[in-house]
2 protein chains.
Amino acid sequence: MPGKLVFVGIPFIKGHGTQNDFVVLPDIDGELELTATKVATLCDRRAGVGADGVLRVVRAAALGEPLPQDVPADAMFMDYRNADGSIAEMCGNGVRVFAAHLADAGLLTPGDFAVGTRAGLRRGTVHPDGLVTVHMGVATVSDKSTATVEGVAYEGLAVDVGNPHLVCPVDVDLAELYLKVPPGHDPAVFPHGVNVEFITELDEYTVRMRVHERGVGETLSCGTGTVAVTAAVLHAAGQTEGVRDVLVPGGQVRVSVSATGCTLTGPAELVARGELDEVWWHGIA
Amino acid sequence: MPGKLVFVGIPFIKGHGTQNDFVVLPDIDGELELTATKVATLCDRRAGVGADGVLRVVRAAALGEPLPQDVPADAMFMDYRNADGSIAEMCGNGVRVFAAHLADAGLLTPGDFAVGTRAGLRRGTVHPDGLVTVHMGVATVSDKSTATVEGVAYEGLAVDVGNPHLVCPVDVDLAELYLKVPPGHDPAVFPHGVNVEFITELDEYTVRMRVHERGVGETLSCGTGTVAVTAAVLHAAGQTEGVRDVLVPGGQVRVSVSATGCTLTGPAELVARGELDEVWWHGIA
């Protein structure tokens, strides 16, 4: 045992969902002064704790912002911030980690949950084995389009999951694709850019994917991307509903697609709990 | 306040020295089973806590390895592991963070300290303002040699600080140097490779540097590199002792050089304290 470990700072939890990682800050009554600079420093992977984003846990009534119409004032709200300090609406991997923390901290009854986000109330289930299911809304498959990598055009299907995706089956080895620059896309089809998934179907139950997220680069996981991929694969097989296991570089999730809505089920790992050093935290300009 | 935060896991501290960051694991009695896989997972920046390395705090007698001759059995020992899980000898930035933790945890009297490392006993001082001074041994300036970046040769001075360095003053803007590949060096002078520092003297007290560490790549800080730079700058000015502030990408340190030994003084920031989740920790293969 150590000599003494005195906890006097700001509580935090570090966790990840398929290697999309977050610092969770429990702040039920909304007392934390969470500036963009504090978020960015906290997410700095060397000078701070390090994460892709911050999930502040606050009761909706204490958020200090107008709430989406379907979010009740007493709901737990996921105040999601990007690593650069900017405010964001929703994150499919983040909400799993958020729910896993709520269950771990005794802030929700194990089983079904409903948490507020800036994109509205998100419902889901924390399963006994620790996996978390989140309802992701409807996926709409539309036109064909192409993504271009190193001069090679790959045909794919456009899928809208609240944000735009282009899902491209490839014959080449997925690992060989060069995704350090954004794949080319048709700006007439995707005027605001697009997230591009390259996929290989391994069998009738399983798809492997790599994803390039617009404005971010290649990532180890993209929740809405796994939903888009499953919808596209089913569409290509002439089906409107079904289930697929989707292998992403950061792990594995299961997606269920139907005409009334999709669900994403995946792991949420809580790695560490503790407190931020108060002197360090208050010293951030 | 959160609903409940119950600490039941393995204690840890996250901290950094000029953005060289570490997970400190207090394990005074040497009870922790710290495999290479556990270290690598802990240092993984998305699936774990994330760090450049692990500093296990263990009483020297409980290390379970033969001790260097000058390390007493009751000394606190810095069991340093690289992020890939391999064992390492010493780290100038790490020993500052290690000493800052010892002072913070009440495991040493503020002021002078002596901690065991695989490179022998390291002495230093934790100052009242939180800065930490560490004795770094003797720096030996030897021959001229050249480092090559994008076909341009930069002449520099070879300096030995227990490991080999080549310190090259440059006229170009330091920020413009392309260091994503190792600078070329003369294998006859540096048969085991070399750490290369490129420097600009800002005034008679201050040097700015960038560093490419052999086998690692460009880093935000290199403790022995700052010592080599100061020794080389003094040598070029015809002096054998003196002091310089050295600006590295990750912050600023002060180096004192004399014929009897060098000291490195710099910050050590403790960012967070807490406990690793026991289920997560024991689940690492």
# chains A, B, ... in the order shown; residues from 1 in each chain; ligands from 1

call {"tool": "interface_residues", "arguments": {"of": "chain A", "to": "chain B", "cutoff": "8 Å", "atoms": "only C-alpha atoms", "output": "JSON, numbers by chain"}}
result
{"A": [1, 2, 3, 4, 5, 6, 7, 11, 14, 15, 16, 19, 20, 21, 26, 27, 28, 29, 45, 46, 47, 48, 49, 50, 51, 105, 106, 107, 269, 270, 271, 272, 273, 274, 275, 276, 277, 280, 281]}

call {"tool": "write_last_selection", "arguments": {"atoms": "N, CA, C and O atoms", "output": "compact mmCIF listing (two decimals), in the first residue's frame"}}
result
# COMPACT_ATOMS: atom_id res chain seq x y z
N MET A 1 0.85 -1.22 0.00
CA MET A 1 0.00 0.00 0.00
C MET A 1 0.87 1.25 0.00
O MET A 1 1.96 1.27 0.55
N PRO A 2 0.40 2.34 -0.60
CA PRO A 2 1.19 3.57 -0.65
C PRO A 2 1.20 4.24 0.71
O PRO A 2 0.39 3.91 1.58
N GLY A 3 2.11 5.20 0.87
CA GLY A 3 2.19 5.92 2.14
C GLY A 3 0.88 6.61 2.45
O GLY A 3 0.24 6.33 3.46
N LYS A 4 0.48 7.51 1.60
CA LYS A 4 -0.87 8.08 1.72
C LYS A 4 -1.30 8.60 0.36
O LYS A 4 -0.51 9.16 -0.39
N LEU A 5 -2.53 8.39 0.01
CA LEU A 5 -3.10 8.94 -1.21
C LEU A 5 -4.33 9.70 -0.76
O LEU A 5 -5.35 9.12 -0.44
N VAL A 6 -4.21 11.01 -0.69
CA VAL A 6 -5.32 11.83 -0.22
C VAL A 6 -6.04 12.40 -1.45
O VAL A 6 -5.43 13.05 -2.29
N PHE A 7 -7.35 12.11 -1.54
CA PHE A 7 -8.11 12.59 -2.69
C PHE A 7 -8.78 13.90 -2.34
O PHE A 7 -9.65 13.95 -1.48
N PRO A 11 -13.45 14.93 -9.11
CA PRO A 11 -13.62 13.53 -9.49
C PRO A 11 -13.64 13.34 -11.01
O PRO A 11 -14.18 14.19 -11.73
N LYS A 14 -11.90 7.62 -16.33
CA LYS A 14 -11.40 7.44 -17.70
C LYS A 14 -11.97 6.12 -18.23
O LYS A 14 -11.88 5.09 -17.55
N GLY A 15 -12.53 6.17 -19.44
CA GLY A 15 -13.06 4.96 -20.04
C GLY A 15 -13.06 5.04 -21.55
O GLY A 15 -12.75 6.09 -22.13
N HIS A 16 -13.38 3.92 -22.19
CA HIS A 16 -13.42 3.93 -23.65
C HIS A 16 -14.46 2.94 -24.18
O HIS A 16 -14.83 1.97 -23.51
N GLN A 19 -12.17 1.77 -28.08
CA GLN A 19 -10.98 2.63 -28.14
C GLN A 19 -11.28 4.06 -28.57
O GLN A 19 -10.37 4.79 -28.99
N ASN A 20 -12.52 4.49 -28.48
CA ASN A 20 -12.87 5.91 -28.54
C ASN A 20 -12.93 6.30 -27.07
O ASN A 20 -13.79 5.81 -26.33
N ASP A 21 -11.99 7.16 -26.60
CA ASP A 21 -11.85 7.30 -25.14
C ASP A 21 -12.26 8.67 -24.61
O ASP A 21 -12.16 9.67 -25.30
N PRO A 26 -18.15 13.78 -13.27
CA PRO A 26 -19.43 13.85 -12.54
C PRO A 26 -19.60 15.24 -11.94
O PRO A 26 -18.74 15.71 -11.19
N ASP A 27 -20.69 15.91 -12.31
CA ASP A 27 -20.92 17.30 -11.90
C ASP A 27 -22.44 17.52 -11.87
O ASP A 27 -22.98 18.41 -12.53
N ILE A 28 -23.12 16.68 -11.08
CA ILE A 28 -24.58 16.59 -11.10
C ILE A 28 -25.26 17.96 -10.97
O ILE A 28 -26.22 18.26 -11.69
N ASP A 29 -24.72 18.80 -10.09
CA ASP A 29 -25.39 20.07 -9.83
C ASP A 29 -24.83 21.21 -10.68
O ASP A 29 -25.16 22.38 -10.46
N ARG A 45 -2.94 14.65 -24.37
CA ARG A 45 -2.51 13.30 -23.99
C ARG A 45 -1.18 13.27 -23.25
O ARG A 45 -0.79 12.21 -22.74
N ARG A 46 -0.48 14.40 -23.14
CA ARG A 46 0.76 14.42 -22.38
C ARG A 46 0.68 15.38 -21.18
O ARG A 46 1.09 15.04 -20.09
N ALA A 47 0.13 16.56 -21.42
CA ALA A 47 0.05 17.55 -20.34
C ALA A 47 -1.18 17.34 -19.46
O ALA A 47 -1.27 17.92 -18.38
N GLY A 48 -2.15 16.53 -19.92
CA GLY A 48 -3.37 16.30 -19.15
C GLY A 48 -3.60 14.83 -18.89
O GLY A 48 -2.65 14.05 -18.81
N VAL A 49 -4.89 14.44 -18.75
CA VAL A 49 -5.21 13.02 -18.61
C VAL A 49 -5.19 12.36 -19.98
O VAL A 49 -4.68 11.25 -20.13
N GLY A 50 -5.73 13.06 -20.99
CA GLY A 50 -5.74 12.54 -22.34
C GLY A 50 -7.02 11.82 -22.69
O GLY A 50 -7.42 10.89 -22.00
N ALA A 51 -7.68 12.27 -23.78
CA ALA A 51 -8.92 11.62 -24.24
C ALA A 51 -9.33 12.24 -25.57
O ALA A 51 -8.85 13.30 -25.97
N ALA A 105 -21.76 4.03 -10.90
CA ALA A 105 -21.81 4.99 -9.78
C ALA A 105 -23.14 4.95 -9.05
O ALA A 105 -23.37 5.74 -8.14
N GLY A 106 -24.02 4.04 -9.47
CA GLY A 106 -25.30 3.93 -8.79
C GLY A 106 -26.27 5.04 -9.15
O GLY A 106 -27.23 5.32 -8.44
N LEU A 107 -26.02 5.71 -10.28
CA LEU A 107 -26.87 6.83 -10.70
C LEU A 107 -27.99 6.39 -11.63
O LEU A 107 -28.79 7.21 -12.07
N GLU A 269 -15.67 0.22 -21.45
CA GLU A 269 -14.68 -0.16 -20.44
C GLU A 269 -14.37 1.03 -19.55
O GLU A 269 -13.92 2.07 -20.04
N LEU A 270 -14.58 0.89 -18.25
CA LEU A 270 -14.14 1.90 -17.29
C LEU A 270 -12.75 1.49 -16.82
O LEU A 270 -12.58 0.42 -16.24
N VAL A 271 -11.75 2.32 -17.10
CA VAL A 271 -10.35 1.96 -16.88
C VAL A 271 -9.86 2.45 -15.52
O VAL A 271 -9.15 1.74 -14.81
N ALA A 272 -10.23 3.66 -15.16
CA ALA A 272 -9.68 4.26 -13.93
C ALA A 272 -10.64 5.30 -13.38
O ALA A 272 -11.43 5.88 -14.11
N ARG A 273 -10.57 5.47 -12.04
CA ARG A 273 -11.34 6.50 -11.35
C ARG A 273 -10.39 7.29 -10.47
O ARG A 273 -9.42 6.73 -9.97
N GLY A 274 -10.71 8.53 -10.24
CA GLY A 274 -9.86 9.29 -9.34
C GLY A 274 -10.25 10.73 -9.29
O GLY A 274 -11.41 11.07 -9.52
N GLU A 275 -9.28 11.57 -8.95
CA GLU A 275 -9.55 12.98 -8.83
C GLU A 275 -8.43 13.76 -9.50
O GLU A 275 -7.24 13.42 -9.37
N LEU A 276 -8.81 14.80 -10.23
CA LEU A 276 -7.82 15.69 -10.84
C LEU A 276 -7.17 16.51 -9.72
O LEU A 276 -7.87 16.93 -8.79
N ASP A 277 -5.88 16.73 -9.83
CA ASP A 277 -5.18 17.54 -8.83
C ASP A 277 -5.76 18.97 -8.84
O ASP A 277 -5.82 19.61 -9.89
N TRP A 280 -3.38 21.73 -10.05
CA TRP A 280 -3.21 21.64 -11.50
C TRP A 280 -4.44 22.18 -12.21
O TRP A 280 -4.35 23.00 -13.12
N TRP A 281 -5.63 21.72 -11.79
CA TRP A 281 -6.89 22.09 -12.45
C TRP A 281 -7.12 23.60 -12.39
O TRP A 281 -7.46 24.23 -13.39

call {"tool": "select_by_dssp", "arguments": {"residues": "range 73-188 of chain A", "states": "helix (DSSP H, G or I)", "output": "PyMOL selection string"}}
result
chain A and resi 92-104+174-176

call {"tool": "residues_around", "arguments": {"residues": "Arg244 in chain B", "least_positions_apart": "2", "cutoff": "9 Å", "atoms": "only C-alpha atoms", "output": "PyMOL selection string"}}
result
chain B and resi 204-207+230+233-234+242+246+253-257

call {"tool": "closest_residue", "arguments": {"among": "A:Gly162, A:Gly130, A:Pro183, A:Gly283", "to": "Gly215 in chain A", "atoms": "only C-alpha atoms"}}
result
A:Pro183

call {"tool": "atom_distance", "arguments": {"atom1": "CA of Thr109 in chain A", "atom2": "CA of Leu121 in chain A"}}
result
17.1 Å

call {"tool": "residues_around", "arguments": {"residues": "range 147-155 of chain A", "least_positions_apart": "3", "cutoff": "9 Å", "atoms": "only C-alpha atoms", "output": "number ranges by chain"}}
result
A: 144, 166-170, 177-179, 181-186, 196, 198

call {"tool": "write_last_selection", "arguments": {"atoms": "all heavy atoms", "output": "compact mmCIF listing (two decimals), in the first residue's frame"}}
result
# COMPACT_ATOMS: atom_id res chain seq x y z
N LYS A 144 -26.05 5.74 -55.03
CA LYS A 144 -24.67 5.31 -55.18
C LYS A 144 -23.78 6.54 -55.38
O LYS A 144 -24.21 7.55 -55.94
CB LYS A 144 -24.53 4.38 -56.38
CG LYS A 144 -25.13 3.00 -56.14
CD LYS A 144 -24.92 2.08 -57.33
CE LYS A 144 -25.48 0.69 -57.02
NZ LYS A 144 -25.40 -0.20 -58.18
N LEU A 166 -20.71 7.29 -46.58
CA LEU A 166 -20.59 6.60 -47.85
C LEU A 166 -19.91 5.26 -47.57
O LEU A 166 -18.77 5.24 -47.06
CB LEU A 166 -19.76 7.44 -48.84
CG LEU A 166 -19.49 6.82 -50.20
CD1 LEU A 166 -20.79 6.48 -50.94
CD2 LEU A 166 -18.64 7.77 -51.05
N VAL A 167 -20.60 4.16 -47.84
CA VAL A 167 -20.12 2.82 -47.47
C VAL A 167 -19.66 2.10 -48.73
O VAL A 167 -20.46 1.81 -49.63
CB VAL A 167 -21.23 2.01 -46.78
CG1 VAL A 167 -20.71 0.62 -46.40
CG2 VAL A 167 -21.76 2.74 -45.56
N CYS A 168 -18.35 1.80 -48.80
CA CYS A 168 -17.76 1.26 -50.02
C CYS A 168 -17.18 -0.14 -49.78
O CYS A 168 -16.16 -0.28 -49.09
CB CYS A 168 -16.63 2.16 -50.51
SG CYS A 168 -17.15 3.85 -50.86
N PRO A 169 -17.77 -1.19 -50.36
CA PRO A 169 -17.15 -2.52 -50.33
C PRO A 169 -15.87 -2.50 -51.17
O PRO A 169 -15.84 -1.85 -52.23
CB PRO A 169 -18.20 -3.43 -50.98
CG PRO A 169 -19.46 -2.62 -51.01
CD PRO A 169 -19.06 -1.20 -51.08
N VAL A 170 -14.82 -3.17 -50.70
CA VAL A 170 -13.57 -3.21 -51.46
C VAL A 170 -13.11 -4.66 -51.62
O VAL A 170 -13.38 -5.51 -50.77
CB VAL A 170 -12.45 -2.38 -50.78
CG1 VAL A 170 -12.86 -0.92 -50.66
CG2 VAL A 170 -12.09 -2.94 -49.40
N LEU A 177 -5.22 -0.03 -47.60
CA LEU A 177 -5.77 1.26 -48.05
C LEU A 177 -5.04 2.42 -47.36
O LEU A 177 -4.86 2.42 -46.15
CB LEU A 177 -7.26 1.36 -47.73
CG LEU A 177 -8.25 0.68 -48.68
CD1 LEU A 177 -9.66 0.87 -48.14
CD2 LEU A 177 -8.13 1.26 -50.09
N TYR A 178 -4.70 3.44 -48.15
CA TYR A 178 -4.01 4.60 -47.59
C TYR A 178 -5.05 5.65 -47.20
O TYR A 178 -5.66 6.30 -48.07
CB TYR A 178 -3.02 5.17 -48.62
CG TYR A 178 -2.20 6.31 -48.07
CD1 TYR A 178 -1.10 6.06 -47.26
CD2 TYR A 178 -2.53 7.63 -48.35
CE1 TYR A 178 -0.34 7.09 -46.73
CE2 TYR A 178 -1.77 8.68 -47.84
CZ TYR A 178 -0.68 8.40 -47.03
OH TYR A 178 0.07 9.42 -46.52
N LEU A 179 -5.28 5.81 -45.88
CA LEU A 179 -6.34 6.72 -45.42
C LEU A 179 -5.78 7.89 -44.61
O LEU A 179 -6.49 8.49 -43.80
CB LEU A 179 -7.37 5.95 -44.59
CG LEU A 179 -8.11 4.82 -45.32
CD1 LEU A 179 -9.15 4.18 -44.41
CD2 LEU A 179 -8.79 5.38 -46.57
N VAL A 181 -4.95 10.65 -45.85
CA VAL A 181 -5.58 11.86 -46.39
C VAL A 181 -7.05 11.51 -46.65
O VAL A 181 -7.39 10.34 -46.85
CB VAL A 181 -4.89 12.36 -47.68
CG1 VAL A 181 -3.45 12.75 -47.38
CG2 VAL A 181 -4.94 11.30 -48.76
N PRO A 182 -7.94 12.52 -46.63
CA PRO A 182 -9.36 12.21 -46.83
C PRO A 182 -9.60 11.61 -48.21
O PRO A 182 -9.06 12.10 -49.21
CB PRO A 182 -10.04 13.59 -46.73
CG PRO A 182 -9.07 14.45 -45.98
CD PRO A 182 -7.71 13.95 -46.36
N PRO A 183 -10.40 10.54 -48.30
CA PRO A 183 -10.77 10.02 -49.62
C PRO A 183 -11.52 11.09 -50.41
O PRO A 183 -12.24 11.90 -49.83
CB PRO A 183 -11.73 8.85 -49.27
CG PRO A 183 -11.44 8.50 -47.85
CD PRO A 183 -11.00 9.77 -47.19
N GLY A 184 -11.33 11.09 -51.72
CA GLY A 184 -12.08 12.03 -52.56
C GLY A 184 -13.55 11.64 -52.57
O GLY A 184 -13.89 10.46 -52.50
N HIS A 185 -14.43 12.67 -52.66
CA HIS A 185 -15.87 12.39 -52.74
C HIS A 185 -16.53 13.39 -53.68
O HIS A 185 -15.93 14.41 -54.04
CB HIS A 185 -16.52 12.44 -51.35
CG HIS A 185 -16.56 13.83 -50.77
ND1 HIS A 185 -15.51 14.36 -50.04
CD2 HIS A 185 -17.49 14.81 -50.82
CE1 HIS A 185 -15.81 15.59 -49.66
NE2 HIS A 185 -17.00 15.90 -50.13
N ASP A 186 -17.78 13.13 -54.06
CA ASP A 186 -18.52 13.99 -54.99
C ASP A 186 -19.20 15.10 -54.19
O ASP A 186 -20.16 14.84 -53.45
CB ASP A 186 -19.56 13.13 -55.72
CG ASP A 186 -20.34 13.94 -56.75
OD1 ASP A 186 -20.24 15.19 -56.74
OD2 ASP A 186 -21.06 13.32 -57.55
N VAL A 196 -16.46 8.23 -44.62
CA VAL A 196 -16.36 7.15 -45.59
C VAL A 196 -15.94 5.85 -44.89
O VAL A 196 -14.93 5.82 -44.18
CB VAL A 196 -15.34 7.49 -46.70
CG1 VAL A 196 -15.33 6.39 -47.76
CG2 VAL A 196 -15.68 8.83 -47.34
N PHE A 198 -14.88 1.87 -45.57
CA PHE A 198 -14.46 0.84 -46.52
C PHE A 198 -14.66 -0.50 -45.83
O PHE A 198 -14.24 -0.68 -44.67
CB PHE A 198 -13.00 1.04 -46.91
CG PHE A 198 -12.77 2.34 -47.61
CD1 PHE A 198 -12.36 3.46 -46.90
CD2 PHE A 198 -12.99 2.46 -48.98
CE1 PHE A 198 -12.17 4.68 -47.54
CE2 PHE A 198 -12.80 3.67 -49.63
CZ PHE A 198 -12.39 4.78 -48.90
